[in-house]
Every structure is written in C-alpha cells, then in structure tokens.
>>> print(open('query.txt').read())   # compact mmCIF, C-alpha atoms
# COMPACT_ATOMS: atom_id res chain seq x y z
CA MET A 1 -117.27 -101.61 38.20
CA ALA A 2 -116.48 -100.86 41.82
CA GLY A 3 -113.23 -99.12 42.57
CA SER A 4 -110.63 -100.24 45.04
CA PRO A 5 -111.19 -99.32 48.70
CA SER A 6 -108.02 -97.23 48.77
CA LEU A 7 -109.41 -94.95 46.02
CA MET A 8 -113.00 -94.82 47.17
CA GLU A 9 -112.25 -94.12 50.84
CA PRO A 10 -109.34 -91.67 51.30
CA SER A 11 -107.57 -91.76 54.60
CA SER A 12 -108.34 -89.19 57.29
CA ASP A 13 -104.81 -87.77 56.92
CA ALA A 14 -105.38 -87.17 53.20
CA ASP A 15 -108.74 -85.54 53.93
CA LYS A 16 -107.15 -83.28 56.52
CA LEU A 17 -104.32 -82.29 54.17
CA SER A 18 -106.75 -81.56 51.31
CA TYR A 19 -108.91 -79.47 53.64
CA GLU A 20 -105.90 -77.45 54.82
CA ILE A 21 -104.71 -76.84 51.26
CA PHE A 22 -108.17 -75.75 50.14
CA THR A 23 -108.48 -73.44 53.15
CA ILE A 24 -105.16 -71.78 52.37
CA LEU A 25 -106.01 -71.31 48.69
CA GLU A 26 -109.46 -69.99 49.51
CA SER A 27 -108.05 -67.49 51.98
CA LYS A 28 -105.24 -66.47 49.66
CA PHE A 29 -107.20 -65.90 46.46
CA LEU A 30 -110.67 -64.96 47.70
CA PHE A 31 -109.91 -62.96 50.79
CA GLY A 32 -106.34 -61.78 50.25
CA TYR A 33 -104.76 -63.91 52.99
CA ASP A 34 -101.21 -62.61 53.29
CA ASP A 35 -99.59 -64.67 56.06
CA SER A 36 -96.56 -65.84 54.11
CA LYS A 37 -95.31 -67.92 57.06
CA ILE A 38 -97.93 -70.58 56.40
CA PHE A 39 -96.22 -71.42 53.09
CA LEU A 40 -92.74 -71.66 54.62
CA PRO A 41 -91.17 -74.66 56.39
CA GLU A 42 -90.90 -74.47 60.14
CA SER A 43 -87.15 -74.05 59.94
CA ALA A 44 -87.32 -71.06 57.61
CA PRO A 45 -86.28 -67.75 59.17
CA GLU A 46 -89.09 -65.29 59.78
CA THR A 47 -89.25 -62.07 57.80
CA PRO A 48 -88.72 -59.09 60.11
CA ALA A 49 -91.96 -57.23 60.71
CA LYS A 50 -92.25 -53.52 60.12
CA THR A 51 -91.65 -51.61 63.30
CA PRO A 52 -93.41 -48.36 64.20
CA SER A 53 -90.17 -46.46 63.57
CA SER A 54 -89.82 -47.90 60.06
CA LEU A 55 -93.43 -47.00 59.31
CA GLU A 56 -92.90 -43.43 60.48
CA SER A 57 -89.85 -43.10 58.21
CA SER A 58 -91.91 -44.05 55.16
CA PRO A 59 -91.98 -41.09 52.74
CA GLY A 60 -95.76 -41.30 52.30
CA LYS A 61 -98.62 -42.88 50.43
CA ILE A 62 -99.37 -42.49 46.72
CA ARG A 63 -102.65 -40.61 46.23
CA ILE A 64 -104.74 -41.82 43.27
CA LEU A 65 -107.81 -40.11 41.84
CA SER A 66 -110.04 -42.19 39.56
CA ILE A 67 -113.18 -40.95 37.78
CA ASP A 68 -115.66 -43.37 36.19
CA ALA A 69 -117.10 -42.96 32.72
CA SER A 70 -120.53 -41.31 32.63
CA SER A 71 -122.63 -39.12 30.39
CA ASP A 72 -121.50 -35.89 32.09
CA SER A 73 -119.44 -36.58 35.27
CA LEU A 74 -121.43 -33.98 37.18
CA LEU A 75 -121.46 -36.05 40.38
CA ALA A 76 -117.69 -36.42 40.20
CA ALA A 77 -117.21 -32.72 39.50
CA ALA A 78 -119.50 -31.71 42.38
CA SER A 79 -117.67 -34.12 44.70
CA LEU A 80 -114.35 -32.57 43.75
CA VAL A 81 -115.73 -29.08 44.36
CA ARG A 82 -116.60 -30.08 47.92
CA LEU A 83 -113.28 -31.82 48.39
CA GLU A 84 -111.31 -28.85 47.07
CA SER A 85 -113.23 -26.49 49.35
CA SER A 86 -112.45 -28.67 52.38
CA LEU A 87 -108.78 -28.91 51.40
CA ARG A 88 -108.55 -25.12 51.16
CA ARG A 89 -110.17 -24.67 54.54
CA LEU A 90 -108.06 -27.30 56.31
CA SER A 91 -104.78 -26.28 54.67
CA GLY A 92 -105.34 -22.54 55.05
CA ASP A 93 -104.46 -22.08 51.36
CA PRO A 94 -107.27 -20.38 49.40
CA ALA A 95 -105.52 -21.19 46.13
CA ALA A 96 -105.20 -24.95 46.74
CA ARG A 97 -106.26 -27.19 43.87
CA ILE A 98 -107.19 -30.84 43.56
CA ALA A 99 -103.98 -31.55 41.63
CA ASP A 100 -101.93 -30.38 44.63
CA PHE A 101 -103.16 -33.30 46.72
CA PHE A 102 -103.05 -36.18 44.23
CA ASP A 103 -100.09 -37.87 42.55
CA ILE A 104 -101.92 -39.44 39.60
CA ALA A 105 -105.34 -39.10 37.98
CA ALA A 106 -107.27 -41.56 35.82
CA GLY A 107 -110.53 -40.80 34.06
CA SER A 108 -112.71 -42.53 31.49
CA GLY A 109 -115.23 -40.93 29.13
CA ALA A 110 -116.42 -37.61 30.52
CA GLY A 111 -114.38 -38.49 33.60
CA GLY A 112 -111.28 -38.33 31.41
CA VAL A 113 -112.24 -34.84 30.28
CA LEU A 114 -112.68 -33.81 33.91
CA ALA A 115 -109.27 -35.25 34.82
CA ALA A 116 -107.70 -33.39 31.90
CA LEU A 117 -109.28 -30.11 33.01
CA LEU A 118 -107.95 -30.46 36.56
CA PHE A 119 -104.44 -31.77 35.80
CA THR A 120 -103.39 -29.95 32.62
CA ARG A 121 -100.80 -27.26 33.24
CA GLY A 122 -102.07 -23.72 32.85
CA PRO A 123 -100.16 -20.64 31.64
CA ASP A 124 -99.03 -19.83 35.19
CA GLY A 125 -97.70 -23.31 35.83
CA ARG A 126 -100.69 -24.14 38.01
CA PRO A 127 -103.67 -26.38 37.11
CA LEU A 128 -105.68 -25.13 34.16
CA VAL A 129 -108.92 -24.72 36.14
CA SER A 130 -110.23 -25.24 39.66
CA ALA A 131 -112.81 -27.89 40.51
CA ASP A 132 -115.48 -25.18 40.68
CA ASP A 133 -114.49 -23.91 37.21
CA ALA A 134 -114.66 -27.45 35.86
CA LEU A 135 -118.17 -27.94 37.24
CA CYS A 136 -119.27 -24.60 35.78
CA PHE A 137 -117.78 -25.65 32.45
CA LEU A 138 -119.77 -28.88 32.41
CA LEU A 139 -122.99 -27.22 33.53
CA LYS A 140 -122.89 -24.15 31.32
CA THR A 141 -122.09 -26.03 28.15
CA GLY A 142 -124.51 -28.86 28.90
CA ALA A 143 -121.81 -31.47 28.66
CA VAL A 144 -123.05 -34.90 27.71
CA CYS A 145 -120.60 -37.58 26.59
CA ASP A 146 -122.17 -40.93 25.78
CA SER A 147 -119.41 -43.31 24.73
CA THR A 148 -121.88 -46.20 24.61
CA GLY A 149 -123.37 -45.18 21.32
CA GLU A 150 -124.15 -41.51 20.86
CA ARG A 151 -122.45 -38.17 21.15
CA LYS A 152 -124.57 -35.24 22.16
CA GLY A 153 -124.50 -31.80 23.69
CA LEU A 154 -121.17 -30.20 24.43
CA PHE A 155 -118.99 -33.09 23.37
CA ARG A 156 -120.67 -33.35 20.01
CA ARG A 157 -119.94 -29.66 19.40
CA MET A 158 -116.45 -29.94 20.84
CA PHE A 159 -115.35 -32.88 18.74
CA ARG A 160 -116.83 -32.11 15.33
CA ARG A 161 -114.11 -31.47 12.78
CA SER A 162 -115.97 -28.48 11.32
CA GLY A 163 -116.15 -26.62 14.58
CA GLY A 164 -115.20 -27.57 18.10
CA MET A 165 -113.67 -24.28 19.21
CA THR A 166 -114.71 -24.84 22.84
CA CYS A 167 -112.27 -27.68 23.36
CA ARG A 168 -109.55 -25.92 21.37
CA LYS A 169 -109.95 -22.77 23.44
CA MET A 170 -109.78 -24.68 26.69
CA PHE A 171 -106.79 -26.93 25.98
CA GLY A 172 -105.07 -25.14 23.09
CA SER A 173 -102.29 -27.36 21.78
CA ALA A 174 -101.39 -28.83 25.17
CA THR A 175 -100.36 -32.50 25.04
CA LEU A 176 -100.07 -35.32 27.54
CA ARG A 177 -96.61 -34.06 28.42
CA ASP A 178 -98.16 -30.82 29.63
CA THR A 179 -100.04 -32.39 32.52
CA LEU A 180 -98.82 -31.52 36.01
CA LYS A 181 -99.02 -35.09 37.29
CA PRO A 182 -99.25 -38.53 35.65
CA VAL A 183 -102.60 -38.93 33.88
CA LEU A 184 -104.26 -42.09 32.51
CA ILE A 185 -107.19 -41.88 30.08
CA PRO A 186 -108.51 -45.00 28.30
CA CYS A 187 -110.20 -45.69 24.99
CA TYR A 188 -110.70 -48.74 22.78
CA ASP A 189 -108.47 -48.83 19.71
CA LEU A 190 -110.18 -50.51 16.75
CA THR A 191 -106.85 -50.62 14.90
CA SER A 192 -105.25 -52.98 17.42
CA GLY A 193 -108.52 -54.45 18.69
CA ALA A 194 -107.62 -53.79 22.32
CA PRO A 195 -108.08 -51.16 25.04
CA LEU A 196 -105.54 -48.34 24.96
CA LEU A 197 -104.43 -46.26 27.92
CA PHE A 198 -103.13 -42.78 27.14
CA SER A 199 -100.37 -42.14 29.65
CA ARG A 200 -98.10 -39.23 30.44
CA ALA A 201 -95.41 -41.73 31.45
CA ASP A 202 -95.35 -43.01 27.86
CA ALA A 203 -95.72 -39.56 26.32
CA VAL A 204 -92.50 -38.27 27.89
CA GLU A 205 -90.59 -41.21 26.41
CA ALA A 206 -91.26 -40.37 22.76
CA ASP A 207 -93.42 -38.12 20.60
CA SER A 208 -95.09 -41.17 19.05
CA TYR A 209 -96.82 -41.75 22.41
CA ASP A 210 -97.74 -38.11 22.93
CA PHE A 211 -101.16 -36.83 21.88
CA LEU A 212 -102.99 -33.52 22.05
CA ILE A 213 -105.14 -33.34 25.18
CA ARG A 214 -108.17 -32.30 23.17
CA GLU A 215 -107.77 -35.35 20.92
CA VAL A 216 -107.35 -37.63 23.94
CA CYS A 217 -110.68 -36.26 25.16
CA THR A 218 -112.11 -36.95 21.72
CA ALA A 219 -110.93 -40.56 21.90
CA THR A 220 -112.27 -41.33 25.36
CA CYS A 221 -115.68 -39.79 24.49
CA ALA A 222 -116.01 -41.28 21.01
CA GLY A 223 -119.40 -42.79 20.17
CA ARG A 224 -120.57 -45.10 17.40
CA VAL A 225 -118.26 -43.58 14.82
CA ALA A 226 -114.62 -44.14 15.69
CA SER A 227 -112.51 -41.01 16.11
CA GLU A 228 -109.22 -41.16 14.26
CA ILE A 229 -106.40 -39.34 15.99
CA ARG A 230 -102.64 -39.17 15.52
CA SER A 231 -99.69 -38.65 17.81
CA VAL A 232 -97.91 -35.30 17.74
CA ASP A 233 -95.27 -36.65 15.34
CA GLY A 234 -97.90 -38.34 13.13
CA ARG A 235 -96.39 -41.81 13.47
CA ALA A 236 -99.07 -43.39 15.64
CA ARG A 237 -102.66 -43.58 14.41
CA ILE A 238 -105.61 -44.68 16.52
CA ALA A 239 -109.23 -45.42 15.63
CA ALA A 240 -110.77 -44.80 19.03
CA VAL A 241 -114.06 -45.80 20.61
CA GLY A 242 -115.00 -44.36 24.00
CA GLY A 243 -113.38 -45.23 27.28
CA GLY A 244 -116.76 -46.13 28.77
CA VAL A 245 -116.77 -49.22 26.57
CA ALA A 246 -113.18 -50.24 27.23
CA MET A 247 -112.73 -49.28 30.88
CA PRO A 248 -115.72 -47.71 32.68
CA ASN A 249 -113.88 -47.74 36.03
CA PRO A 250 -110.15 -46.99 35.55
CA ALA A 251 -109.23 -47.33 39.24
CA ALA A 252 -107.73 -50.81 38.86
CA ALA A 253 -105.63 -49.68 35.89
CA ALA A 254 -104.35 -46.72 37.92
CA ILE A 255 -103.41 -48.95 40.86
CA THR A 256 -101.63 -51.38 38.54
CA HIS A 257 -99.76 -48.51 36.90
CA VAL A 258 -98.55 -47.17 40.24
CA LEU A 259 -97.46 -50.53 41.66
CA HIS A 260 -95.48 -51.40 38.52
CA ASN A 261 -94.05 -47.96 37.73
CA LYS A 262 -91.04 -48.05 40.04
CA GLN A 263 -89.36 -45.13 38.30
CA GLU A 264 -92.01 -42.66 39.41
CA PHE A 265 -93.42 -44.50 42.44
CA PRO A 266 -90.48 -46.45 43.92
CA PHE A 267 -91.96 -46.78 47.42
CA ALA A 268 -95.35 -48.21 46.40
CA ALA A 269 -95.13 -51.88 47.32
CA GLY A 270 -98.78 -52.71 48.01
CA VAL A 271 -102.24 -51.34 48.65
CA GLU A 272 -101.18 -50.24 52.14
CA ASP A 273 -98.99 -47.63 50.41
CA LEU A 274 -101.90 -46.11 48.47
CA ILE A 275 -104.80 -43.74 49.03
CA VAL A 276 -107.37 -44.32 46.29
CA VAL A 277 -110.36 -42.05 45.65
CA SER A 278 -112.80 -43.52 43.14
CA LEU A 279 -115.68 -41.34 41.90
CA GLY A 280 -118.63 -43.19 40.40
CA SER A 281 -120.91 -42.12 37.60
CA GLY A 282 -124.01 -41.53 39.71
CA GLU A 283 -126.12 -43.02 36.93
CA GLN A 284 -128.91 -45.41 37.77
CA ASP A 285 -129.56 -48.61 35.87
CA ILE A 286 -132.22 -47.73 33.32
CA ALA A 287 -133.52 -51.13 32.22
CA GLY A 288 -136.89 -50.57 33.89
CA ALA A 289 -137.29 -46.98 32.73
CA CYS A 290 -138.31 -47.87 29.17
CA ALA A 291 -140.15 -50.87 27.82
CA THR A 292 -137.42 -51.62 25.27
CA PRO A 293 -133.94 -50.31 26.15
CA SER A 294 -131.82 -49.32 23.19
CA ARG A 295 -128.48 -50.97 22.45
CA ALA A 296 -126.68 -47.95 23.87
CA GLU A 297 -128.67 -48.25 27.10
CA VAL A 298 -127.85 -51.94 27.39
CA VAL A 299 -124.16 -51.15 26.93
CA ARG A 300 -124.45 -48.48 29.63
CA ILE A 301 -126.02 -50.95 32.04
CA ALA A 302 -123.21 -53.41 31.33
CA GLY A 303 -120.66 -50.65 31.90
CA ASN A 304 -122.18 -49.81 35.27
CA GLY A 305 -121.97 -53.47 36.21
CA MET A 306 -118.32 -53.62 35.17
CA ALA A 307 -117.55 -50.53 37.24
CA ASP A 308 -119.22 -52.10 40.29
CA MET A 309 -117.19 -55.28 39.84
CA VAL A 310 -113.95 -53.30 39.76
CA ASP A 311 -115.06 -51.44 42.90
CA GLN A 312 -115.77 -54.71 44.69
CA ALA A 313 -112.44 -56.25 43.66
CA ILE A 314 -110.50 -53.20 44.86
CA ALA A 315 -112.38 -53.11 48.16
CA LEU A 316 -111.47 -56.77 48.76
CA ALA A 317 -107.83 -56.12 47.85
CA PHE A 318 -107.56 -53.32 50.43
CA ARG A 319 -109.01 -55.50 53.21
CA GLN A 320 -108.26 -53.88 56.59
CA HIS A 321 -106.89 -50.77 54.83
CA ARG A 322 -110.21 -50.11 53.13
CA ILE A 323 -111.61 -47.50 55.55
CA ASN A 324 -108.74 -45.02 55.34
CA ASN A 325 -107.05 -46.00 52.08
CA TYR A 326 -109.97 -46.56 49.70
CA VAL A 327 -112.88 -44.16 49.29
CA ARG A 328 -115.68 -44.78 46.80
CA ILE A 329 -118.19 -42.04 46.02
CA GLN A 330 -121.28 -43.35 44.27
CA ALA A 331 -125.00 -42.64 44.21
CA ASN A 332 -127.83 -45.06 43.67
CA GLY A 333 -131.34 -44.47 42.44
CA PHE A 334 -130.79 -41.02 40.92
CA GLY A 335 -129.88 -40.19 37.36
CA LEU A 336 -129.11 -36.71 36.08
CA ARG A 337 -130.58 -37.54 32.72
CA SER A 338 -133.41 -39.92 32.05
CA PRO A 339 -133.34 -42.26 29.05
CA LYS A 340 -134.83 -41.44 25.66
CA CYS A 341 -138.41 -41.80 26.85
CA SER A 342 -137.94 -38.75 29.12
CA LYS A 343 -136.85 -35.19 28.58
CA ALA A 344 -133.57 -33.80 29.82
CA VAL A 345 -133.75 -32.06 33.17
CA SER A 346 -132.89 -28.40 33.68
CA ARG A 347 -129.64 -27.07 35.06
CA GLU A 348 -131.30 -26.21 38.39
CA ALA A 349 -132.79 -29.68 38.64
CA LYS A 350 -129.37 -31.19 37.97
CA MET A 351 -127.86 -29.25 40.86
CA MET A 352 -130.67 -30.34 43.17
CA ARG A 353 -130.16 -33.97 42.24
CA ILE A 354 -126.42 -33.64 42.71
CA GLU A 355 -127.04 -32.49 46.27
CA GLU A 356 -129.33 -35.47 46.78
CA MET A 357 -126.61 -37.78 45.52
CA LEU A 358 -123.99 -36.28 47.81
CA SER A 359 -126.26 -36.72 50.82
CA GLN A 360 -126.77 -40.42 50.04
CA ARG A 361 -125.11 -43.39 51.66
CA ASN A 362 -123.54 -45.80 49.19
CA GLY A 363 -124.86 -49.28 48.61
CA GLU A 364 -121.78 -51.46 49.05
CA THR A 365 -121.44 -55.06 47.91
CA VAL A 366 -119.79 -57.45 50.37
CA LEU A 367 -118.55 -60.82 49.08
CA PHE A 368 -121.08 -63.58 49.92
CA GLN A 369 -122.98 -61.16 52.15
CA GLY A 370 -125.07 -59.17 49.67
CA ARG A 371 -125.42 -55.39 49.66
CA LYS A 372 -125.50 -53.03 52.59
CA LEU A 373 -125.55 -49.28 53.11
CA SER A 374 -122.32 -47.61 54.13
CA LYS A 375 -122.22 -45.87 57.48
CA GLU A 376 -121.22 -42.50 55.99
CA THR A 377 -122.86 -40.29 53.40
CA ASN A 378 -120.83 -39.16 50.40
CA VAL A 379 -120.38 -35.73 51.98
CA GLU A 380 -119.06 -37.26 55.19
CA LYS A 381 -116.67 -39.44 53.22
CA LEU A 382 -115.32 -36.42 51.36
CA GLU A 383 -114.78 -34.50 54.60
CA ARG A 384 -112.93 -37.43 56.16
CA LEU A 385 -110.91 -37.86 52.97
CA ALA A 386 -109.86 -34.20 53.07
CA GLY A 387 -108.47 -34.74 56.55
CA GLU A 388 -106.48 -37.79 55.40
CA LEU A 389 -105.05 -35.89 52.42
CA ILE A 390 -104.00 -33.00 54.67
CA LYS A 391 -102.26 -35.42 57.04
CA GLU A 392 -100.45 -37.00 54.10
CA GLN A 393 -99.39 -33.57 52.83
CA ASP A 394 -98.06 -32.62 56.27
CA LYS A 395 -96.16 -35.88 56.53
CA ARG A 396 -94.48 -35.24 53.20
CA SER A 397 -93.49 -31.74 54.19
CA ARG A 398 -91.55 -33.18 57.15
CA SER A 399 -89.88 -35.94 55.13
CA SER A 400 -86.53 -35.46 53.43
CA ILE A 401 -87.31 -38.25 50.95
CA PRO A 402 -89.55 -37.47 47.95
CA THR A 403 -92.50 -39.81 47.62
CA VAL A 404 -92.92 -39.42 43.85
CA PHE A 405 -90.31 -38.86 41.14
CA ILE A 406 -92.21 -37.49 38.14
CA LYS A 407 -90.62 -38.63 34.90
CA GLN A 408 -89.17 -35.90 32.72
CA ALA A 409 -89.25 -35.87 28.92
CA LEU A 410 -86.38 -37.72 27.25
CA THR A 411 -86.86 -35.87 23.97
CA PRO A 412 -87.04 -32.15 24.79
CA ARG A 413 -89.75 -30.27 22.99
CA THR A 414 -91.06 -26.76 23.47
CA SER A 415 -94.01 -27.00 25.86
CA SER A 416 -97.31 -26.29 24.18
CA ALA A 417 -99.05 -25.35 27.41
CA THR A 418 -98.43 -21.66 26.79
CA THR A 419 -100.33 -21.76 23.52
CA ALA A 420 -103.54 -22.07 25.48
CA THR A 421 -102.87 -19.02 27.64
CA THR A 422 -104.80 -16.35 25.82
CA THR A 423 -107.86 -18.43 25.05
CA THR A 424 -107.99 -20.40 28.31
CA THR A 425 -108.09 -17.30 30.51
CA SER A 426 -110.99 -15.79 28.59
CA THR A 427 -112.82 -19.11 28.57
CA ARG A 428 -112.52 -19.50 32.34
CA ARG A 429 -113.77 -15.94 32.93
CA SER A 430 -116.84 -16.63 30.82
CA LEU A 431 -117.86 -19.74 32.73
CA GLY A 432 -119.58 -17.96 35.60
CA SER A 433 -120.82 -19.78 38.69
CA PRO A 434 -123.39 -22.59 38.73
>>> encode(input="query.txt", output="structure tokens")
Amino acid sequence: MAGSPSLMEPSSDADKLSYEIFTILESKFLFGYDDSKIFLPESAPETPAKTPSSLESSPGKIRILSIDASSDSLLAAASLVRLESSLRRLSGDPAARIADFFDIAAGSGAGGVLAALLFTRGPDGRPLVSADDALCFLLKTGAVCDSTGERKGLFRRMFRRSGGMTCRKMFGSATLRDTLKPVLIPCYDLTSGAPLLFSRADAVEADSYDFLIREVCTATCAGRVASEIRSVDGRARIAAVGGGVAMPNPAAAAITHVLHNKQEFPFAAGVEDLIVVSLGSGEQDIAGACATPSRAEVVRIAGNGMADMVDQAIALAFRQHRINNYVRIQANGFGLRSPKCSKAVSREAKMMRIEEMLSQRNGETVLFQGRKLSKETNVEKLERLAGELIKEQDKRSRSSIPTVFIKQALTPRTSSATTATTTTTSTRRSLGSP
C-alpha cells in the first residue's frame, strides 16, 4: 500500500535539518568535534576562551607512561633506556631516572613487571632500579611472560611457590603503597569475572586493597592456571589471569584514571592537559608463521589487535594535540621470539633486533584512510619526547602550584620498602650490562 506523500517525500527543510544533525553527531562522536557553541542557542553567552596568560599560569601537564603486555617487554625496556639516557644528558643530572619525569605508570603483563621495577621505592628513597638495570634484569634472566596461555623462562621460576627467590630478592616485601608514583597494573579476576586494576590510589585507602608487588607481578603474568593472591591483611582474595588477556594496552585505563582522580590530579581536565607515552609490545602477528597456530597464539594475535584499537582510539581523542601530547612506540614485522615452530633467539640476536625495532617508523592507522608510516623513527620520537619532558620539568620548577598531589596512606603502616634493601642491592650488582 502506498504511503502518503507527506511521509514518502520529506520537505527540503526537514532534509536540511536532518543533514545538519547527522553532521554534528558525526563530528562529535567520530572526530571529537568540540565546538560547544553549535549546541547553544544564539542568545546564549559565549564561554570565555583561554588566553595565553591563563595557559602560561597552568601548573603543567600530567605525564603518563603506559607499557603494553608482551612476552618480555624488551622493546619497552630498551626504549626507556634510550629515553633515560637522553633525559640525563638534557637535564645535566647523571642520576636522573624515568620515575622522575612521569607522574603515573601503567603496565600489563611483562610491562607491569617493568613498571614495578622502575617505580618501586628503593632503600635510598629513589627508584629501585634504573632503566638500564631493568633491561639487564630482563635479558640476563631470560624473562618471558606469556599471559595468553603459558608461563616460561624467568617468570615461571619467579612465580613458582616452591622457589621464586629472584622476584623476592628484587621486591622483598614491598607493596603497592611503596611505589614512588601512582601505578596501575591489570589482571583478570576469575572470582569476580571481571578485569581488575591494581592501583596505588586504592592501596593507600585500606590494607584490603594493598598487595605485595611481587604478587601483583604474579597476577599480571599469570598463564593458564590462575594465580591466587591475597591482600596484605588477608581479607581480599583474587584468582588472577594475566593482564595481557584483560587489558593488553593499559593506556586508556591510565588516562581515565587521571581524568577522574581529582584528588591527585586536580588540574587534568582533558587530553590537552596530558602527555602520554605508550610503549608497544614489538611482537609481530604470528598467524602466518605456523600452519596451525595454537590457542595461545590466537589469543596473542587478538591481544595485539586490541592494543592497536586502543592506540587508534587514543590518537583520535588527542586530535590536534597528538604530535606533542601522545607518543606511541611500536615496531612492526620483527618479533624477539618466534612461535613454537622456531627456536628462541640468542641474547645477542635479541639486542640486534631491538636496535632494528628502534630504527623503524611506526605503521599508524588513520580512521577511514588506512595505514601509513609515521614521519619519525622510534629513536627520533624518543629524542623529541625527552625534550618535551625536560620542558615540562622546567615549567614545573618555575610554578608555585603543584601539578600532582600524591595521595598519602590513610591507615599508617610501617613501610616494607626497607625489607628489600639488603637483597635488592646485591641483585642489582649481579645484573651486569647487556
């Protein structure tokens, strides 16, 4: 039955209005259109724009470090070694550490272990290890953390109940409260059936949210068999599966945490107030490497895809602030360890491939435009990033307003960081250089 002419043939005014509404929604939700005046009536007063003087009086940007889940995080560790070296050279401080130039760190899987190494408080009140020490630690012990289905190498030895002295020697009985800056490390909790984010901000609120650092590392690197851990007071119990399954790229979680944590980051109102450094896994997709990929390999491929999607979403959210405020370090086409059908590469070969990765240009995905190579190599990005971090540090030194207010523990407890003093020092001395 034919419809009435008024329904079948909308007026030109209705078509125009529908087109304008669709255009606004498309711009707002696909491309981050932020012109709020278009939603206001003509008579509404305009919101005063930020003047150059108000921008200069801003206390500074929040600096976020995010490390993807991977089997070993060697690319991330090598990137941080280069970054730390540049920061020392530009700042003139030979003792500068990565933790000095970031306000919060997030890491998943082996990336969570790396974040814990760099941001846990040492016996002297400084970071537990330098970036170079962390890389040596991963290389010398042959660290491999596969949260997609298997646990091998270092992390298998570290997390076995019968042994595992390496992790105990490194972290002692330090807990989430003993990190220098806010730290976020994810896992998947089978007890609640949902992802869980270990957070220093929660740990300082109550002992039931505080966990031993070494057990947090156990949780984020757990494989097929769930790792059961308890909070320091024994009230909270978690059956954890690795962070690579729950959150392979924790950058979005870190940004969300900062923007909603007004107690510690009161001046972070949007992405323009952030500097985000996201370190990828450096692992290639391995579907074509073997005739029949295992279930763990399929999960790894899916995790890499999830990490790329998070990267793309963040890049779109930063829009015009992307060049200076969002840096993604990733490598394509190289893997430090081949799948099961190949043998593991040597330590020297790993270092050579790391250098190849750092000299690469990223393949970036642009919405509706496919993939393209970035203009800078990873090394060039890290050098530019070091300059931005130094500028931010200098700006803070001239400001009378603190940028970050780190939350202090509400339930005082004797810090356990000192319990790792005797063993940590000897462990670091035994690492050697790569």
>>> closest_residue(input="query.txt", among="A:Met351, A:Leu117, A:Val183, A:Ala317", to="Met170 in chain A", atoms="only C-alpha atoms")
A:Leu117
>>> closest_atom_pairs(input="query.txt", of="range 231-275 of chain A", to="range 204-215 of chain A", cutoff="7 Å", atoms="all atoms listed in the file", output="tab-separated table")
residue	atom	partner	partner_atom	distance
A:Ser231	CA	A:Phe211	CA	4.7
A:Val232	CA	A:Phe211	CA	5.5
A:Asp233	CA	A:Asp207	CA	5.8
A:Arg235	CA	A:Ser208	CA	5.8
A:Ala236	CA	A:Ser208	CA	5.7
>>> residues_around(input="query.txt", residues="Lys395 in chain A", least_positions_apart="2", cutoff="12 Å", atoms="all atoms listed in the file", output="list of chain:residue names")
A:Leu55, A:Glu56, A:Ser57, A:Ser58, A:Pro59, A:Gly60, A:Lys61, A:Glu388, A:Leu389, A:Ile390, A:Lys391, A:Glu392, A:Gln393, A:Ser397, A:Arg398, A:Ser399, A:Ser400, A:Ile401, A:Pro402, A:Thr403
>>> atom_distance(input="query.txt", atom1="CA of Ile185 in chain A", atom2="CA of Ala315 in chain A")
21.9 Å
>>> atom_distance(input="query.txt", atom1="CA of Ala105 in chain A", atom2="CA of Arg224 in chain A")
26.3 Å
>>> decode(input="query.txt", residues="range 186-199 of chain A", atoms="N, CA, C and O atoms", output="tab-separated table (two decimals), in the first residue's frame")
chain	number	residue	atom	x	y	z
A	186	PRO	N	47.05	-4.29	35.56
A	186	PRO	CA	45.80	-5.05	35.44
A	186	PRO	C	45.99	-6.56	35.48
A	186	PRO	O	47.08	-7.09	35.24
A	187	CYS	N	44.91	-7.25	35.78
A	187	CYS	CA	44.81	-8.69	35.61
A	187	CYS	C	43.33	-8.99	35.39
A	187	CYS	O	42.50	-8.08	35.39
A	188	TYR	N	43.00	-10.25	35.19
A	188	TYR	CA	41.59	-10.65	35.11
A	188	TYR	C	41.30	-11.52	36.32
A	188	TYR	O	41.95	-12.54	36.54
A	189	ASP	N	40.31	-11.11	37.11
A	189	ASP	CA	39.95	-11.82	38.33
A	189	ASP	C	38.83	-12.81	38.05
A	189	ASP	O	37.70	-12.42	37.75
A	190	LEU	N	39.15	-14.11	38.14
A	190	LEU	CA	38.15	-15.14	37.89
A	190	LEU	C	37.10	-15.18	39.00
A	190	LEU	O	35.98	-15.66	38.79
A	191	THR	N	37.44	-14.67	40.17
A	191	THR	CA	36.49	-14.68	41.29
A	191	THR	C	35.31	-13.76	40.99
A	191	THR	O	34.15	-14.12	41.21
A	192	SER	N	35.59	-12.57	40.49
A	192	SER	CA	34.53	-11.61	40.17
A	192	SER	C	34.10	-11.69	38.71
A	192	SER	O	33.08	-11.12	38.33
A	193	GLY	N	34.90	-12.37	37.88
A	193	GLY	CA	34.59	-12.46	36.46
A	193	GLY	C	34.72	-11.15	35.73
A	193	GLY	O	33.94	-10.83	34.83
A	194	ALA	N	35.72	-10.34	36.12
A	194	ALA	CA	35.90	-9.02	35.52
A	194	ALA	C	37.37	-8.62	35.62
A	194	ALA	O	38.12	-9.12	36.47
A	195	PRO	N	37.81	-7.70	34.75
A	195	PRO	CA	39.18	-7.18	34.87
A	195	PRO	C	39.36	-6.46	36.20
A	195	PRO	O	38.43	-5.87	36.73
A	196	LEU	N	40.57	-6.53	36.72
A	196	LEU	CA	40.90	-5.87	37.98
A	196	LEU	C	42.15	-5.03	37.77
A	196	LEU	O	43.12	-5.48	37.14
A	197	LEU	N	42.13	-3.82	38.28
A	197	LEU	CA	43.26	-2.91	38.14
A	197	LEU	C	43.87	-2.65	39.51
A	197	LEU	O	43.26	-2.01	40.36
A	198	PHE	N	45.07	-3.20	39.74
A	198	PHE	CA	45.79	-2.91	40.97
A	198	PHE	C	46.21	-1.45	40.94
A	198	PHE	O	46.82	-0.99	39.96
A	199	SER	N	45.93	-0.72	42.00
A	199	SER	CA	46.17	0.72	41.99
A	199	SER	C	46.73	1.19	43.32
A	199	SER	O	46.23	0.81	44.38
